[in-house]
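A.B. asks: Got a structure for you, structure18.cif, holding mmCIF, C-alpha atoms and all ligand atoms.
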```cif
data_work
#
loop_
_atom_site.label_atom_id
_atom_site.label_comp_id
_atom_site.auth_asym_id
_atom_site.auth_seq_id
_atom_site.Cartn_x
_atom_site.Cartn_y
_atom_site.Cartn_z
CA MET M 603 -0.79 10.67 -32.33
CA ARG M 604 0.04 13.06 -29.49
CA LYS M 605 3.64 14.24 -29.26
CA ASP M 606 4.25 14.15 -25.50
CA PHE M 607 3.37 11.46 -22.97
CA LEU M 608 0.16 12.14 -21.03
CA VAL M 609 1.01 11.18 -17.45
CA PHE M 610 -1.80 9.31 -15.66
CA GLY M 611 -3.10 11.13 -12.58
CA SER M 612 -0.95 14.25 -12.89
CA PRO M 613 -2.34 16.79 -10.37
CA LEU M 614 -3.44 20.36 -11.07
CA ILE M 615 -1.14 22.56 -8.95
CA GLU M 616 -1.72 26.31 -9.26
CA LYS M 617 -0.10 29.57 -8.21
CA GLU M 618 -1.82 29.71 -4.79
CA GLU M 619 -0.29 26.39 -3.71
CA ILE M 620 3.16 27.39 -4.95
CA ASP M 621 3.00 30.78 -3.19
CA GLU M 622 1.81 29.10 0.03
CA ILE M 623 4.68 26.59 -0.12
CA VAL M 624 7.18 29.43 -0.54
CA ALA M 625 5.56 31.37 2.32
CA THR M 626 5.75 28.24 4.48
CA LEU M 627 9.45 27.81 3.72
CA ARG M 628 10.09 31.51 4.50
CA SER M 629 8.12 31.24 7.77
CA GLY M 630 10.69 28.83 9.14
CA TRP M 631 7.89 26.49 10.25
CA ILE M 632 7.94 23.53 7.88
CA GLY M 633 6.96 20.77 10.33
CA THR M 634 3.58 20.19 11.97
CA GLY M 635 2.26 23.64 12.82
CA PRO M 636 -0.34 26.31 12.16
CA ARG M 637 -1.03 25.34 8.55
CA VAL M 638 -1.82 21.74 9.51
CA ALA M 639 -4.22 23.05 12.19
CA ARG M 640 -5.88 25.32 9.60
CA PHE M 641 -6.13 22.50 7.05
CA GLU M 642 -7.82 20.30 9.67
CA GLU M 643 -10.31 23.09 10.45
CA HIS M 644 -11.14 23.62 6.77
CA PHE M 645 -11.44 19.90 6.11
CA LYS M 646 -13.77 19.45 9.08
CA LYS M 647 -15.99 22.24 7.77
CA TYR M 648 -15.96 20.83 4.25
CA ILE M 649 -16.94 17.32 5.39
CA GLY M 650 -19.19 18.43 8.24
CA SER M 651 -17.48 16.16 10.77
CA ALA M 652 -16.88 17.04 14.41
CA GLU M 653 -13.21 16.06 14.23
CA ALA M 654 -10.48 15.79 11.60
CA VAL M 655 -6.92 14.63 12.23
CA ALA M 656 -4.28 15.13 9.54
CA VAL M 657 -1.68 12.40 9.06
CA SER M 658 1.11 11.47 6.66
CA SER M 659 -0.96 9.19 4.38
CA CYS M 660 -4.22 7.31 4.07
CA THR M 661 -2.30 4.13 4.87
CA ALA M 662 -1.28 5.72 8.19
CA ALA M 663 -4.88 6.89 8.66
CA LEU M 664 -6.23 3.36 8.20
CA HIS M 665 -3.61 1.87 10.53
CA LEU M 666 -4.31 4.43 13.29
CA ALA M 667 -8.09 4.30 12.86
CA MET M 668 -8.03 0.58 13.59
CA LEU M 669 -5.45 0.82 16.40
CA VAL M 670 -7.24 3.55 18.39
CA SER M 671 -10.53 1.70 18.15
CA GLY M 672 -8.97 -1.47 19.49
CA VAL M 673 -8.60 -3.69 16.42
CA GLY M 674 -5.75 -6.14 17.00
CA PRO M 675 -4.51 -9.73 16.97
CA GLY M 676 -7.30 -12.32 16.91
CA ASP M 677 -9.74 -9.91 15.25
CA GLU M 678 -11.17 -10.14 11.75
CA VAL M 679 -11.83 -7.14 9.55
CA ILE M 680 -14.19 -7.59 6.61
CA THR M 681 -13.07 -5.69 3.52
CA THR M 682 -12.98 -5.74 -0.27
CA PRO M 683 -10.42 -7.28 -2.60
CA MET M 684 -11.17 -4.53 -5.18
CA THR M 685 -8.86 -1.93 -3.63
CA PHE M 686 -5.29 -0.75 -3.36
CA CYS M 687 -3.23 -3.18 -1.27
CA ALA M 688 -2.78 -0.50 1.45
CA THR M 689 -6.33 -1.16 2.72
CA ALA M 690 -5.61 -4.81 3.51
CA ASN M 691 -1.97 -4.14 4.49
CA ALA M 692 -3.21 -1.75 7.21
CA VAL M 693 -5.38 -4.53 8.64
CA VAL M 694 -2.35 -6.83 8.70
CA HIS M 695 -0.28 -4.09 10.46
CA THR M 696 -2.70 -4.21 13.42
CA GLY M 697 -2.27 -7.97 13.75
CA ALA M 698 -5.88 -8.59 12.68
CA ARG M 699 -6.88 -10.80 9.77
CA PRO M 700 -8.32 -9.33 6.56
CA VAL M 701 -11.46 -11.19 5.49
CA PHE M 702 -12.35 -10.41 1.90
CA VAL M 703 -15.83 -10.63 0.43
CA ASP M 704 -16.63 -10.16 -3.24
CA VAL M 705 -17.84 -6.98 -4.93
CA GLU M 706 -20.86 -6.09 -7.05
CA PRO M 707 -19.85 -6.61 -10.69
CA ASP M 708 -21.33 -3.33 -11.92
CA THR M 709 -19.93 -0.94 -9.27
CA GLY M 710 -16.82 -2.66 -7.93
CA ASN M 711 -18.08 -1.89 -4.43
CA ILE M 712 -18.29 -4.43 -1.60
CA ASP M 713 -21.54 -6.44 -1.66
CA PRO M 714 -23.43 -5.91 1.63
CA ALA M 715 -25.23 -9.27 1.30
CA LEU M 716 -21.84 -11.02 1.31
CA ILE M 717 -20.63 -9.03 4.32
CA ALA M 718 -23.54 -10.53 6.28
CA THR M 719 -22.40 -14.08 5.45
CA ALA M 720 -18.78 -13.40 6.51
CA ILE M 721 -19.48 -12.14 10.04
CA THR M 722 -18.10 -14.45 12.76
CA PRO M 723 -17.64 -14.04 16.54
CA ARG M 724 -14.14 -12.73 15.76
CA THR M 725 -15.31 -9.96 13.41
CA ARG M 726 -14.40 -6.56 14.86
CA ALA M 727 -14.84 -4.12 11.99
CA ILE M 728 -16.20 -3.59 8.50
CA LEU M 729 -13.86 -1.67 6.20
CA PRO M 730 -15.60 -0.69 2.95
CA VAL M 731 -13.84 1.18 0.13
CA HIS M 732 -15.81 3.67 -1.97
CA PHE M 733 -14.44 2.44 -5.27
CA ALA M 734 -13.59 5.15 -7.83
CA GLY M 735 -15.54 7.61 -5.66
CA ARG M 736 -18.90 5.83 -5.81
CA PRO M 737 -20.32 5.46 -2.28
CA CYS M 738 -20.94 1.91 -1.08
CA ARG M 739 -24.47 0.92 0.01
CA MET M 740 -24.00 2.55 3.38
CA ASP M 741 -27.57 2.04 4.62
CA ALA M 742 -27.16 -1.73 4.48
CA ILE M 743 -23.54 -1.69 5.71
CA GLU M 744 -24.31 0.62 8.62
CA ALA M 745 -27.30 -1.54 9.62
CA LEU M 746 -25.07 -4.65 9.67
CA ALA M 747 -22.45 -2.87 11.79
CA ARG M 748 -25.10 -1.73 14.30
CA GLN M 749 -26.85 -5.08 14.42
CA HIS M 750 -23.61 -6.99 15.12
CA GLY M 751 -21.86 -4.35 17.23
CA LEU M 752 -19.05 -3.86 14.70
CA LEU M 753 -16.87 -0.85 14.04
CA LEU M 754 -17.42 0.87 10.72
CA ILE M 755 -14.16 2.27 9.35
CA GLU M 756 -14.26 3.62 5.80
CA ASP M 757 -11.50 3.87 3.20
CA ALA M 758 -12.58 7.07 1.45
CA ALA M 759 -9.33 7.57 -0.46
CA HIS M 760 -11.37 8.09 -3.65
CA ALA M 761 -14.39 9.71 -2.12
CA ILE M 762 -13.72 13.16 -0.64
CA GLU M 763 -16.68 14.68 -2.52
CA ALA M 764 -19.01 11.69 -2.17
CA ALA M 765 -22.32 11.55 -0.29
CA TYR M 766 -24.86 8.79 0.33
CA HIS M 767 -28.56 9.55 0.80
CA GLY M 768 -27.88 13.08 1.92
CA ARG M 769 -25.00 12.20 4.25
CA LYS M 770 -21.48 13.18 3.38
CA ILE M 771 -18.89 10.42 3.34
CA GLY M 772 -16.80 11.15 6.43
CA THR M 773 -19.86 11.56 8.67
CA ILE M 774 -21.25 8.01 8.52
CA GLY M 775 -18.72 5.50 9.86
CA ASP M 776 -17.01 5.57 13.25
CA LEU M 777 -13.83 6.68 11.49
CA THR M 778 -13.28 7.64 7.85
CA CYS M 779 -9.88 7.75 6.15
CA PHE M 780 -8.96 10.03 3.25
CA SER M 781 -5.90 10.19 0.99
CA PHE M 782 -4.07 13.21 -0.40
CA TYR M 783 -1.64 11.14 -2.47
CA ALA M 784 -0.37 12.80 -5.67
CA THR M 785 -3.09 11.35 -7.92
CA LYS M 786 -6.05 11.86 -5.57
CA ASN M 787 -8.82 14.48 -5.98
CA VAL M 788 -7.18 16.70 -3.35
CA THR M 789 -3.42 16.30 -3.02
CA THR M 790 -0.72 17.26 -0.52
CA ALA M 791 1.87 15.15 -2.44
CA GLU M 792 1.58 12.62 0.40
CA GLY M 793 -0.96 12.93 3.16
CA GLY M 794 -4.13 11.68 4.77
CA MET M 795 -6.96 12.66 7.09
CA ILE M 796 -9.22 10.84 9.55
CA THR M 797 -12.66 12.19 10.38
CA THR M 798 -14.75 11.07 13.35
CA ALA M 799 -17.56 12.35 15.57
CA ASP M 800 -15.69 11.11 18.67
CA ALA M 801 -13.46 13.73 20.35
CA GLU M 802 -11.78 11.09 22.52
CA LEU M 803 -10.81 9.02 19.50
CA ALA M 804 -9.53 12.16 17.77
CA ALA M 805 -7.28 12.98 20.74
CA LYS M 806 -5.99 9.41 20.73
CA LEU M 807 -5.33 9.59 16.98
CA LYS M 808 -3.24 12.74 17.49
CA MET M 809 -1.24 11.12 20.25
CA TYR M 810 -0.62 7.92 18.28
CA ALA M 811 0.34 9.92 15.17
CA LEU M 812 3.18 11.69 16.99
CA HIS M 813 5.27 9.21 19.00
CA GLY M 814 2.50 8.75 21.56
CA LEU M 815 3.42 12.10 23.11
CA SER M 816 1.09 13.76 25.56
CA MET M 817 0.88 17.01 23.57
CA ASP M 818 1.46 18.34 20.06
CA ALA M 819 5.05 19.15 19.14
CA TRP M 820 4.08 22.51 17.74
CA ARG M 821 2.63 23.59 21.09
CA ARG M 822 5.81 22.33 22.67
CA PHE M 823 7.78 24.91 20.69
CA SER M 824 5.30 27.79 20.85
CA ASP M 825 6.09 31.05 22.63
CA ASP M 826 3.85 30.45 25.63
CA GLY M 827 6.57 28.72 27.59
CA TYR M 828 8.33 25.39 27.43
CA LYS M 829 6.06 22.38 28.00
CA HIS M 830 7.34 19.02 29.16
CA TYR M 831 6.06 16.00 27.32
CA GLU M 832 6.12 12.26 27.78
CA ALA M 833 5.35 9.19 25.73
CA ARG M 834 2.06 7.71 26.90
CA VAL M 835 2.14 4.92 24.32
CA PRO M 836 4.77 3.79 21.80
CA GLY M 837 3.26 5.88 19.00
CA PHE M 838 4.16 6.35 15.37
CA LYS M 839 5.61 9.11 13.19
CA TYR M 840 2.51 9.72 11.11
CA ASN M 841 2.13 13.50 11.40
CA MET M 842 1.47 15.82 8.46
CA THR M 843 3.79 18.78 7.87
CA ASP M 844 2.94 22.42 7.16
CA LEU M 845 4.52 22.08 3.71
CA GLN M 846 1.94 19.41 2.88
CA ALA M 847 -0.90 21.39 4.45
CA ALA M 848 0.15 24.43 2.39
CA LEU M 849 -0.76 22.44 -0.72
CA GLY M 850 -3.91 20.99 0.81
CA LEU M 851 -5.39 24.34 1.89
CA HIS M 852 -5.59 25.59 -1.68
CA GLN M 853 -6.44 22.24 -3.20
CA LEU M 854 -9.40 22.02 -0.83
CA ALA M 855 -10.50 25.59 -1.62
CA ARG M 856 -10.68 24.60 -5.30
CA ILE M 857 -12.37 21.22 -4.78
CA GLY M 858 -15.68 22.23 -6.37
CA ARG M 859 -14.10 23.68 -9.50
CA ASN M 860 -11.90 20.63 -10.02
CA ALA M 861 -14.83 18.28 -9.46
CA ALA M 862 -16.89 20.17 -12.06
CA ARG M 863 -14.06 19.83 -14.57
CA ARG M 864 -13.82 16.06 -13.93
CA GLN M 865 -17.59 15.75 -14.29
CA ALA M 866 -17.36 17.41 -17.73
CA ILE M 867 -14.57 15.03 -18.77
CA TRP M 868 -16.65 12.10 -17.46
CA ALA M 869 -19.63 13.18 -19.60
CA ARG M 870 -17.42 13.53 -22.69
CA TYR M 871 -15.89 10.06 -22.16
CA ASP M 872 -19.34 8.54 -21.58
CA GLN M 873 -20.58 10.01 -24.85
CA ALA M 874 -17.44 9.11 -26.83
CA PHE M 875 -17.38 5.45 -25.72
CA GLU M 876 -21.09 4.74 -26.15
CA THR M 877 -20.64 2.43 -29.14
CA LEU M 878 -17.22 0.97 -28.25
CA PRO M 879 -16.87 -2.64 -27.00
CA VAL M 880 -16.33 -1.43 -23.43
CA VAL M 881 -18.50 -1.22 -20.33
CA ARG M 882 -18.61 2.36 -19.09
CA PRO M 883 -18.98 3.21 -15.39
CA ALA M 884 -22.46 2.36 -14.06
CA PRO M 885 -24.81 5.35 -13.77
CA VAL M 886 -24.68 7.27 -10.50
CA GLU M 887 -27.46 6.06 -8.20
CA PRO M 888 -30.15 8.62 -7.33
CA GLY M 889 -29.64 10.24 -3.94
CA THR M 890 -25.86 9.82 -4.04
CA VAL M 891 -22.91 12.00 -4.98
CA HIS M 892 -20.10 10.22 -6.82
CA GLY M 893 -16.61 11.42 -5.92
CA ARG M 894 -15.50 10.85 -9.54
CA HIS M 895 -11.91 9.93 -8.76
CA LEU M 896 -11.37 7.32 -11.48
CA TYR M 897 -12.93 6.85 -14.89
CA THR M 898 -12.57 3.11 -15.41
CA ILE M 899 -13.79 1.14 -18.39
CA LEU M 900 -14.16 -2.63 -18.56
CA LEU M 901 -12.83 -3.93 -21.86
CA LYS M 902 -14.90 -6.52 -23.72
CA THR M 903 -11.66 -8.31 -24.49
CA GLU M 904 -13.24 -11.01 -26.68
CA ALA M 905 -14.90 -8.43 -28.95
CA ILE M 906 -11.75 -6.29 -29.04
CA GLY M 907 -9.55 -9.33 -29.68
CA LYS M 908 -6.86 -8.07 -27.29
CA SER M 909 -6.14 -8.57 -23.62
CA ARG M 910 -6.34 -5.65 -21.20
CA ASP M 911 -2.55 -5.52 -20.96
CA GLU M 912 -2.25 -5.43 -24.77
CA VAL M 913 -4.68 -2.50 -24.88
CA LEU M 914 -2.84 -0.79 -22.02
CA ASN M 915 0.55 -1.14 -23.72
CA GLU M 916 -0.77 0.07 -27.07
CA LEU M 917 -2.20 3.15 -25.34
CA ILE M 918 1.18 3.80 -23.75
CA ARG M 919 2.80 3.51 -27.20
CA ARG M 920 0.33 6.18 -28.31
CA ASN M 921 1.55 8.39 -25.43
CA VAL M 922 -1.51 7.89 -23.23
CA GLY M 923 -0.69 6.86 -19.65
CA THR M 924 -3.30 4.61 -18.03
CA GLY M 925 -3.86 2.84 -14.72
CA VAL M 926 -5.17 -0.51 -13.48
CA HIS M 927 -7.55 -0.26 -10.50
CA TYR M 928 -7.13 -2.94 -9.42
CA THR M 929 -5.69 -6.41 -9.60
CA ALA M 930 -7.74 -8.04 -6.81
CA VAL M 931 -5.71 -7.87 -3.59
CA HIS M 932 -6.22 -11.52 -2.63
CA LEU M 933 -4.19 -12.49 -5.71
CA HIS M 934 -1.12 -10.54 -4.55
CA HIS M 935 1.82 -12.75 -3.58
CA TYR M 936 1.69 -11.97 0.15
CA TYR M 937 -2.03 -12.69 0.43
CA ARG M 938 -1.81 -15.97 -1.47
CA GLN M 939 1.21 -17.09 0.56
CA THR M 940 -0.08 -16.03 3.97
CA PHE M 941 -3.80 -16.69 3.79
CA GLY M 942 -4.00 -19.28 1.01
CA PHE M 943 -6.16 -17.22 -1.34
CA LYS M 944 -6.33 -18.45 -4.92
CA PRO M 945 -7.88 -17.55 -8.27
CA GLY M 946 -11.63 -18.21 -8.17
CA ASP M 947 -12.11 -17.05 -4.57
CA PHE M 948 -13.73 -13.72 -5.51
CA PRO M 949 -14.88 -14.05 -9.13
CA ASN M 950 -16.37 -10.57 -9.59
CA ALA M 951 -13.25 -8.81 -8.31
CA GLU M 952 -11.08 -11.05 -10.51
CA TRP M 953 -13.29 -10.45 -13.55
CA ILE M 954 -12.99 -6.68 -13.09
CA GLY M 955 -9.27 -6.94 -12.32
CA ALA M 956 -8.58 -8.68 -15.63
CA ARG M 957 -10.53 -6.18 -17.80
CA THR M 958 -10.36 -2.83 -16.10
CA LEU M 959 -8.52 0.17 -17.45
CA SER M 960 -8.43 3.65 -15.91
CA LEU M 961 -8.15 6.53 -18.35
CA PRO M 962 -6.44 9.87 -17.60
CA PHE M 963 -8.98 11.76 -15.50
CA SER M 964 -7.63 14.85 -13.80
CA ALA M 965 -8.84 18.46 -13.68
CA LYS M 966 -5.49 19.24 -15.28
CA LEU M 967 -6.48 17.69 -18.63
CA SER M 968 -7.08 20.12 -21.48
CA ASP M 969 -9.90 19.53 -23.97
CA GLN M 970 -7.22 18.46 -26.46
CA ASP M 971 -5.81 15.94 -23.95
CA VAL M 972 -9.29 14.45 -23.56
CA GLU M 973 -9.76 14.20 -27.33
CA ASP M 974 -6.30 12.59 -27.64
CA VAL M 975 -7.32 9.93 -25.11
CA ILE M 976 -10.59 9.26 -26.96
CA ALA M 977 -8.81 8.99 -30.33
CA ALA M 978 -6.20 6.60 -28.91
CA VAL M 979 -8.82 4.38 -27.22
CA ASN M 980 -10.80 4.23 -30.48
CA GLN M 981 -7.70 3.32 -32.50
CA VAL M 982 -6.62 0.60 -30.09
CA CYS M 983 -10.07 -0.93 -29.47
CA VAL M 984 -11.69 -0.76 -32.91
CA GLY M 985 -8.91 0.41 -35.24
CA VAL M 986 -10.43 3.76 -36.23
C1 LIG W 1 -4.45 5.75 -2.53
C2 LIG W 1 -5.20 4.74 -1.74
C3 LIG W 1 -4.81 4.35 -0.46
C4 LIG W 1 -3.52 4.74 0.15
O1 LIG W 1 -3.38 6.12 0.27
P1 LIG W 1 -1.97 6.74 0.65
O2 LIG W 1 -2.34 8.15 1.02
O3 LIG W 1 -1.12 6.67 -0.57
O4 LIG W 1 -1.42 5.98 1.78
C5 LIG W 1 -5.63 3.49 0.26
N1 LIG W 1 -6.76 3.01 -0.28
C6 LIG W 1 -7.16 3.34 -1.52
C7 LIG W 1 -8.43 2.78 -2.05
C8 LIG W 1 -6.37 4.19 -2.30
O5 LIG W 1 -6.74 4.49 -3.55
#
```
For this file, write the structure as structure tokens.
C.D. replies:
Amino acid sequence: MRKDFLVFGSPLIEKEEIDEIVATLRSGWIGTGPRVARFEEHFKKYIGSAEAVAVSSCTAALHLAMLVSGVGPGDEVITTPMTFCATANAVVHTGARPVFVDVEPDTGNIDPALIATAITPRTRAILPVHFAGRPCRMDAIEALARQHGLLLIEDAAHAIEAAYHGRKIGTIGDLTCFSFYATKNVTTAEGGMITTADAELAAKLKMYALHGLSMDAWRRFSDDGYKHYEARVPGFKYNMTDLQAALGLHQLARIGRNAARRQAIWARYDQAFETLPVVRPAPVEPGTVHGRHLYTILLKTEAIGKSRDEVLNELIRRNVGTGVHYTAVHLHHYYRQTFGFKPGDFPNAEWIGARTLSLPFSAKLSDQDVEDVIAAVNQVCVGV
């Protein structure tokens, strides 16, 4: 058994990030400034989007994306229950109603055929989540949005590297939201980004992210003279800081190397678990790039003779930290209480939610860490 606890989702932070953080502190400019602007430029280039607006989190990104495109009270937003609660919470923050539809059992992604059946005259937007980094069926989803005149806003928190039929995630929907939370493929500790092709929406996002002010604070304090500012709308405090961008600049520069390392770990896990009573992630569909954010297995709990939580706790006792992505959102207390959701509403999401287990899957893992995880999973699931 391994000696020290393997923390789930621990990020790989290297010398360049640390030096950049120190340089940022020494520069005296730790708020929103030149490094945020540079991070936005680099992110835009990486994704291939016309615009990129950095914010304080993906939750903020989702909230703003909906607000600036006019989603509000009386509207419905169709989304997936197989996600982090922030996706649905952001819909609630706008005053709109989250309308869940079930997921495909093999991918955990929203089922486009079910989206079609959930569209009503009140539907304003479709909000798919690229689960674990696997792109949703964007051809079908985009066609539905076009046909019904709906906004397409994507939660790409897992999917920075992903592409669908030759198009990078971040260039398909009207607005796409990314996360740089500590466990994500690119991290700024906390942070988010919104990409869009629409310059007007981007300008509105910037204004809403900083108190609704008419110009950026960092220009306000630049050396080309004092600029007066005024609140145009009651905006939010959702801006990213240069300390966060200092991390992001170097994380983004290393995105390919880290993705290659995760792909190697993925291949090793796939091989190691071939004969175990678990369902491994579905193969990557041709013509797509998987963002490979999570390596989730579905436990065949009857064959193993243990519940998911029993397996999870035994792994923790063997010093292997794991994650659950996710307990279906409609089963969370708030969603049951407020919207009357109940077990049975979305059977595929519930089935996954009861059996899923995410294994440590970060570029930081050493080969020995990976072998420790495999040994522990074998011991817990089949006793060898
Ligand atoms: C992490 C995550 C979020 C929230 O991101 P934050 O940057 O922590 O706000 C939203 N949706 C999904 C699917 C996530 O995994």
A.B. asks: For stretch 902-919 of chain M, work out the shell of residues within 6 Å, counting only C-alpha atoms and skipping chain neighbours fewer than 5 positions away, then give it as a list in words.
C.D. replies: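 The contact residues come out as Pro879, Val880, Arg957 and Cys983 of chain M.
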A.B. asks: Could you state the separation of atom CA of M:Glu973 and atom CA of M:Gly735 in Å, given to one decimal place?
C.D. replies: 23.4 Å
A.B. asks: Which residues of chain M come within 6 Å of ligand LIG 1 (chain W), and for each one, what is the closest pair of atoms and their distance in Å to one decimal, counting all atoms listed in the file, sorted by chain and residue number, as CSV?
C.D. replies:
```
residue,atom,partner,partner_atom,distance
M:Ser659,CA,W:LIG1,O2,3.8
M:Cys660,CA,W:LIG1,O2,3.7
M:Thr661,CA,W:LIG1,O4,3.7
M:Thr685,CA,W:LIG1,C7,5.0
M:Phe686,CA,W:LIG1,C6,4.9
M:Ala688,CA,W:LIG1,C5,5.0
M:Thr689,CA,W:LIG1,N1,5.2
M:Asp757,CA,W:LIG1,N1,5.9
M:Ala759,CA,W:LIG1,C8,4.9
M:His760,CA,W:LIG1,O5,5.9
M:Ser781,CA,W:LIG1,O2,4.1
M:Phe782,CA,W:LIG1,O2,5.5
M:Tyr783,CA,W:LIG1,O2,4.6
M:Glu792,CA,W:LIG1,O2,6.0
M:Gly793,CA,W:LIG1,O2,5.4
M:Gly794,CA,W:LIG1,O2,5.5
```
A.B. asks: Restricting it to C-alpha atoms, dump the selection as a PDB file, in the frame of the given file.
C.D. replies:
```
ATOM      1  CA  SER M 659      -0.960   9.190   4.380  1.00  0.00           C
ATOM      2  CA  CYS M 660      -4.220   7.310   4.070  1.00  0.00           C
ATOM      3  CA  THR M 661      -2.300   4.130   4.870  1.00  0.00           C
ATOM      4  CA  THR M 685      -8.860  -1.930  -3.630  1.00  0.00           C
ATOM      5  CA  PHE M 686      -5.290  -0.750  -3.360  1.00  0.00           C
ATOM      6  CA  ALA M 688      -2.780  -0.500   1.450  1.00  0.00           C
ATOM      7  CA  THR M 689      -6.330  -1.160   2.720  1.00  0.00           C
ATOM      8  CA  ASP M 757     -11.500   3.870   3.200  1.00  0.00           C
ATOM      9  CA  ALA M 759      -9.330   7.570  -0.460  1.00  0.00           C
ATOM     10  CA  HIS M 760     -11.370   8.090  -3.650  1.00  0.00           C
ATOM     11  CA  SER M 781      -5.900  10.190   0.990  1.00  0.00           C
ATOM     12  CA  PHE M 782      -4.070  13.210  -0.400  1.00  0.00           C
ATOM     13  CA  TYR M 783      -1.640  11.140  -2.470  1.00  0.00           C
ATOM     14  CA  GLU M 792       1.580  12.620   0.400  1.00  0.00           C
ATOM     15  CA  GLY M 793      -0.960  12.930   3.160  1.00  0.00           C
ATOM     16  CA  GLY M 794      -4.130  11.680   4.770  1.00  0.00           C
TER      17      GLY M 794
END
```
A.B. asks: Separation of atom CA of M:Pro737 and atom CA of M:His892, in Å?
C.D. replies: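 Distance reported for this atom pair: 6.6 Å.
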A.B. asks: Ranking M:Asn787, M:Val657, M:Lys829, M:Ala805 by minimum distance to M:Arg863 and counting all atoms listed in the file, which one comes first?
C.D. replies: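 When distances to M:Arg863 are compared using all atoms listed in the file, the smallest one comes from M:Asn787.
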A.B. asks: How about completing stretch 685-690 of chain M with all heavy atoms and giving it to me as a compact mmCIF listing (two decimals), in the frame of the given file?
C.D. replies:
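Generated output (rebuild_3.txt):
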```txt
# COMPACT_ATOMS: atom_id res chain seq x y z
N THR M 685 -9.43 -3.12 -4.26
CA THR M 685 -8.86 -1.93 -3.63
C THR M 685 -7.36 -1.92 -3.81
O THR M 685 -6.77 -2.90 -4.29
CB THR M 685 -9.23 -1.87 -2.13
OG1 THR M 685 -8.76 -0.62 -1.58
CG2 THR M 685 -8.61 -3.01 -1.34
N PHE M 686 -6.75 -0.82 -3.41
CA PHE M 686 -5.29 -0.75 -3.36
C PHE M 686 -4.84 -1.61 -2.18
O PHE M 686 -5.53 -1.68 -1.16
CB PHE M 686 -4.87 0.71 -3.19
CG PHE M 686 -3.39 0.91 -3.23
CD1 PHE M 686 -2.64 0.44 -4.30
CD2 PHE M 686 -2.74 1.56 -2.20
CE1 PHE M 686 -1.26 0.63 -4.33
CE2 PHE M 686 -1.37 1.76 -2.23
CZ PHE M 686 -0.63 1.29 -3.30
N CYS M 687 -3.68 -2.24 -2.31
CA CYS M 687 -3.23 -3.18 -1.27
C CYS M 687 -3.10 -2.53 0.11
O CYS M 687 -3.15 -3.23 1.13
CB CYS M 687 -1.93 -3.85 -1.68
SG CYS M 687 -0.60 -2.68 -2.03
N ALA M 688 -2.96 -1.19 0.15
CA ALA M 688 -2.78 -0.50 1.45
C ALA M 688 -3.94 -0.77 2.40
O ALA M 688 -3.74 -0.83 3.62
CB ALA M 688 -2.64 1.00 1.23
N THR M 689 -5.16 -0.94 1.86
CA THR M 689 -6.33 -1.16 2.72
C THR M 689 -6.13 -2.44 3.53
O THR M 689 -6.28 -2.44 4.76
CB THR M 689 -7.61 -1.30 1.85
OG1 THR M 689 -7.61 -0.29 0.86
CG2 THR M 689 -8.86 -1.22 2.70
N ALA M 690 -5.80 -3.52 2.84
CA ALA M 690 -5.61 -4.81 3.51
C ALA M 690 -4.30 -4.83 4.30
O ALA M 690 -4.24 -5.41 5.40
CB ALA M 690 -5.63 -5.94 2.49
```
